[in-house]
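Visitor: Here it is, the structure in full.
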Amino acid sequence: MRKTVAIIGGGITGMEAAIQINKLGHTVHVFEKDEKLGGHVAQWDHVFPNQRKAREIINELTCQISEEINIHLSSFVEKISQIDDSFVIKSDNNELKADAIVLASGFELFSASKKEEYGYGIFENVITSVDLERMFVEKGHPFMRNGEIPQRIAFIHCVGSRDEKVKRTYCSKVCCITAVKQAIEVKESIPEASVYNLYMDLRMFGPGYEDMYQKAQQKGITFIRGRLSEASEVENNRILIKTEDTLSSRPIKMTVDLIVLMIGISPSLANNQILSDLKLEPNKDGFAEIADDHLSPTHSKVKGVFIAGACTGPCSITDAINASRSASVEVHHYLNQV
């Protein structure tokens, strides 16, 4: 007997979960608040660790979504109610009854304007890692507000991560490797440019990450262990930055054409209502809390509700895909028992 599963979120986690749960013989409904599938990955040009085109990943998943899967785009989940062992999802004045839910509602990007001392939204040539990615999509290289090609570019790590002042004490996990990836791409697109990475710690923990770091060094990218303390605009809208090389205890001043802020992963505010409806609590960092960090990483503390991807905390594309496949198997086992 086919059961019905509602997946909240149509990013890569929700897409993969829909594909796998459909293959296991269940009816699937995907609710995505945006007008297209793919989530944050759809905004990216290339991804680490192999600089693969992000669009390839979206396209491969899209090709596997069968006509049996019900996709609800531009669909905001207004309310979820639980009745016995079933759930009623209200969206756009329509209601759907589901036997299980997979919460794959993702994350928000940290708002760089909260770090006023970095000048985002104030100085013309201070951008975020997402802004830079759009530049790669648009022109294949970074550019300044006046259209000129920057010759000195500084990447600032941990913007909205490991920072008690903005209540983001955790590591966002993907920022270091994204900074290395983007620095390489900048150097490849503008070989004569001077590229600097200002970091707290370099966390190259994933497969292929250390190789990318070594590649960046071989290309002449400079890594400075120090956190940006101050940024100010000078002549021709260039940016004067002040920091300290904490390895040598030496203060540093430099002027650059472009600053790229590596913004972190934040809990999605849209998840708060869903968690409340499902009688779930956020964890200490504000993400959806899982049942057990080791043994039940895709279970929630509510029967019939499963969680996967970045709504549980920062994760990579590989992490998200693995979590969605794990959640799909757990959903199938659950539905065979109820």
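Ordering of the structure tokens sets the chain letters (A, B, ...); residue numbers start at 1 within each chain; ligands are numbered from 1 in the order shown.
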I need the strand (DSSP E or B) residues of range 134-312 of chain A per DSSP on the backbone, written as a ChimeraX atom specification.
Guide: /A:152-159,163,168,194-199,222-225,230-233,239-245,250-256,258-263,265-267,282,288,292,296,299,305-307
Visitor: Please identify all polymer residues within 12 Å of Ser229 in chain A, counting only C-alpha atoms, omitting same-chain residues fewer than 2 positions from it, and present them as a PyMOL selection string.
Guide: chain A and resi 115-119+156+159+198+226-227+231-232+240-245+251-253
Visitor: Which is closer to Ala179 in chain A than all the others in A:Ser266, A:Ser296, A:Asn146, A:Thr128, using only C-alpha atoms?
Guide: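 The closest residue to Ala179 in chain A is A:Thr128.
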Visitor: Each residue of range 258-287 of chain A lying at most 10 Å from range 303-325 of chain A should get a row with its shortest atom-to-atom pair and the distance in Å to one decimal, counting only C-alpha atoms; could you produce that, ordered by chain and increasing number, as JSON lines?
Guide:
{"residue": "A:Gly264", "atom": "CA", "partner": "A:Pro314", "partner_atom": "CA", "distance": 8.6}
{"residue": "A:Ile265", "atom": "CA", "partner": "A:Pro314", "partner_atom": "CA", "distance": 6.1}
{"residue": "A:Ser266", "atom": "CA", "partner": "A:Pro314", "partner_atom": "CA", "distance": 8.0}
{"residue": "A:Pro267", "atom": "CA", "partner": "A:Cys311", "partner_atom": "CA", "distance": 6.8}
{"residue": "A:Ser268", "atom": "CA", "partner": "A:Cys311", "partner_atom": "CA", "distance": 7.3}
{"residue": "A:Asn271", "atom": "CA", "partner": "A:Cys311", "partner_atom": "CA", "distance": 8.0}
{"residue": "A:Leu278", "atom": "CA", "partner": "A:Val305", "partner_atom": "CA", "distance": 8.2}
{"residue": "A:Leu280", "atom": "CA", "partner": "A:Val305", "partner_atom": "CA", "distance": 9.6}
{"residue": "A:Pro282", "atom": "CA", "partner": "A:Thr312", "partner_atom": "CA", "distance": 8.8}
{"residue": "A:Asn283", "atom": "CA", "partner": "A:Thr312", "partner_atom": "CA", "distance": 8.4}
{"residue": "A:Asp285", "atom": "CA", "partner": "A:Gly313", "partner_atom": "CA", "distance": 8.1}
{"residue": "A:Gly286", "atom": "CA", "partner": "A:Gly313", "partner_atom": "CA", "distance": 8.6}
{"residue": "A:Phe287", "atom": "CA", "partner": "A:Thr312", "partner_atom": "CA", "distance": 5.1}
Visitor: Name all residues at most 9 Å from Val30 in chain A (count only C-alpha atoms; drop same-chain ones fewer than 6 positions away) and give them as a compact mmCIF listing (two decimals) with all heavy atoms, in the first residue's frame.
Guide:
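The new file out24.txt reads:
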# COMPACT_ATOMS: atom_id res chain seq x y z
N VAL A 5 4.28 10.91 1.47
CA VAL A 5 5.34 11.60 2.19
C VAL A 5 5.40 13.05 1.70
O VAL A 5 5.44 13.31 0.49
CB VAL A 5 6.71 10.93 1.96
CG1 VAL A 5 7.81 11.67 2.74
CG2 VAL A 5 6.65 9.46 2.39
N ALA A 6 5.41 13.98 2.64
CA ALA A 6 5.56 15.39 2.31
C ALA A 6 7.00 15.80 2.59
O ALA A 6 7.51 15.57 3.69
CB ALA A 6 4.60 16.25 3.13
N ILE A 7 7.65 16.41 1.60
CA ILE A 7 9.01 16.90 1.76
C ILE A 7 8.96 18.42 1.76
O ILE A 7 8.48 19.03 0.80
CB ILE A 7 9.92 16.38 0.63
CG1 ILE A 7 9.99 14.85 0.69
CG2 ILE A 7 11.31 16.99 0.74
CD1 ILE A 7 10.76 14.23 -0.45
N ILE A 8 9.42 19.02 2.83
CA ILE A 8 9.41 20.48 2.96
C ILE A 8 10.78 21.00 2.51
O ILE A 8 11.76 20.87 3.22
CB ILE A 8 9.12 20.93 4.40
CG1 ILE A 8 7.93 20.15 4.99
CG2 ILE A 8 8.88 22.44 4.43
CD1 ILE A 8 6.64 20.31 4.25
N GLY A 9 10.82 21.55 1.32
CA GLY A 9 12.07 22.08 0.78
C GLY A 9 12.47 21.39 -0.50
O GLY A 9 12.50 20.15 -0.57
N GLY A 10 12.77 22.19 -1.54
CA GLY A 10 13.12 21.63 -2.84
C GLY A 10 14.53 21.94 -3.27
O GLY A 10 14.82 22.06 -4.47
N GLY A 14 16.04 18.01 -0.59
CA GLY A 14 14.66 17.64 -0.86
C GLY A 14 14.51 16.91 -2.19
O GLY A 14 13.72 15.96 -2.29
N MET A 15 15.25 17.34 -3.20
CA MET A 15 15.19 16.68 -4.51
C MET A 15 15.64 15.23 -4.41
O MET A 15 14.98 14.32 -4.92
CB MET A 15 16.04 17.44 -5.52
CG MET A 15 15.53 18.83 -5.86
SD MET A 15 16.69 19.77 -6.89
CE MET A 15 16.48 18.98 -8.48
N ALA A 18 13.16 13.10 -2.49
CA ALA A 18 11.98 12.81 -3.31
C ALA A 18 12.27 11.68 -4.29
O ALA A 18 11.44 10.77 -4.48
CB ALA A 18 11.56 14.08 -4.07
N ILE A 69 6.29 12.24 -9.10
CA ILE A 69 6.59 13.12 -7.96
C ILE A 69 5.86 14.44 -8.14
O ILE A 69 5.95 15.09 -9.17
CB ILE A 69 8.11 13.36 -7.85
CG1 ILE A 69 8.84 12.03 -7.60
CG2 ILE A 69 8.42 14.35 -6.73
CD1 ILE A 69 10.34 12.14 -7.62
N ASN A 70 5.13 14.82 -7.10
CA ASN A 70 4.34 16.05 -7.15
C ASN A 70 5.16 17.22 -6.63
O ASN A 70 5.53 17.25 -5.45
CB ASN A 70 3.07 15.88 -6.30
CG ASN A 70 2.24 14.68 -6.73
OD1 ASN A 70 1.52 14.74 -7.71
ND2 ASN A 70 2.37 13.58 -5.99
N ILE A 71 5.47 18.17 -7.50
CA ILE A 71 6.28 19.33 -7.14
C ILE A 71 5.38 20.55 -7.00
O ILE A 71 4.66 20.92 -7.93
CB ILE A 71 7.36 19.60 -8.20
CG1 ILE A 71 8.22 18.34 -8.44
CG2 ILE A 71 8.21 20.80 -7.80
CD1 ILE A 71 9.07 17.95 -7.26
N HIS A 72 5.43 21.19 -5.85
CA HIS A 72 4.65 22.40 -5.59
C HIS A 72 5.62 23.58 -5.46
O HIS A 72 6.24 23.76 -4.40
CB HIS A 72 3.82 22.24 -4.31
CG HIS A 72 2.97 21.01 -4.28
ND1 HIS A 72 1.69 20.96 -4.78
CD2 HIS A 72 3.24 19.74 -3.82
CE1 HIS A 72 1.18 19.75 -4.61
NE2 HIS A 72 2.11 18.99 -4.03
N LEU A 73 5.78 24.35 -6.53
CA LEU A 73 6.69 25.49 -6.51
C LEU A 73 5.97 26.75 -6.05
O LEU A 73 4.75 26.85 -6.12
CB LEU A 73 7.28 25.70 -7.91
CG LEU A 73 8.14 24.56 -8.47
CD1 LEU A 73 8.57 24.87 -9.89
CD2 LEU A 73 9.35 24.31 -7.58
Visitor: Measuring between only C-alpha atoms, which one of A:Glu60, A:Glu230, A:Asp99, A:Asp257 shows the shortest distance to His332 in chain A?
Guide: A:Asp99
Visitor: List as an mmCIF file with N, CA, C and O atoms, in the first residue's frame the protein and nucleic acid residues near range 200-205 of chain A, meaning an atom at most 7 Å away when only C-alpha atoms are counted, but skip any in the same chain fewer than 3 places from it.
Guide:
data_model
loop_
_atom_site.group_PDB
_atom_site.id
_atom_site.type_symbol
_atom_site.label_atom_id
_atom_site.label_comp_id
_atom_site.auth_asym_id
_atom_site.auth_seq_id
_atom_site.Cartn_x
_atom_site.Cartn_y
_atom_site.Cartn_z
ATOM 1 N N CYS A 176 35.780 27.993 4.612
ATOM 2 C CA CYS A 176 37.213 27.941 4.329
ATOM 3 C C CYS A 176 37.476 27.377 2.941
ATOM 4 O O CYS A 176 38.242 27.955 2.157
ATOM 5 N N ILE A 177 36.865 26.253 2.639
ATOM 6 C CA ILE A 177 37.122 25.628 1.347
ATOM 7 C C ILE A 177 36.504 26.445 0.214
ATOM 8 O O ILE A 177 37.059 26.509 -0.891
ATOM 9 N N TYR A 209 40.154 18.684 -0.080
ATOM 10 C CA TYR A 209 40.266 20.060 0.402
ATOM 11 C C TYR A 209 41.739 20.480 0.543
ATOM 12 O O TYR A 209 42.123 21.585 0.154
ATOM 13 N N GLU A 210 42.533 19.603 1.140
ATOM 14 C CA GLU A 210 43.952 19.930 1.328
ATOM 15 C C GLU A 210 44.642 20.112 -0.024
ATOM 16 O O GLU A 210 45.525 20.966 -0.172
ATOM 17 N N ARG A 225 47.169 34.659 8.649
ATOM 18 C CA ARG A 225 46.370 34.262 9.809
ATOM 19 C C ARG A 225 46.074 35.503 10.642
ATOM 20 O O ARG A 225 46.912 35.996 11.390
ATOM 21 N N GLY A 226 44.873 36.012 10.489
ATOM 22 C CA GLY A 226 44.473 37.212 11.209
ATOM 23 C C GLY A 226 43.067 37.618 10.827
ATOM 24 O O GLY A 226 42.629 37.409 9.691
ATOM 25 N N ARG A 227 42.352 38.183 11.765
ATOM 26 C CA ARG A 227 40.972 38.586 11.534
ATOM 27 C C ARG A 227 40.926 40.079 11.224
ATOM 28 O O ARG A 227 41.622 40.874 11.863
#
Visitor: Using only C-alpha atoms, which of A:Phe110, A:Gly121, A:Ile259, A:Ala288 sits nearest Met144 in chain A?
Guide: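 Answer, going by the shortest atom-to-atom distance: A:Ile259.
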Visitor: When you count only C-alpha atoms, which of these residues is closest to Ser194 in chain A: A:Val180, A:Ile122, A:Ala100, A:Ala154?
Guide: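 That would be A:Ala154, the residue with the smallest distance to Ser194 in chain A.
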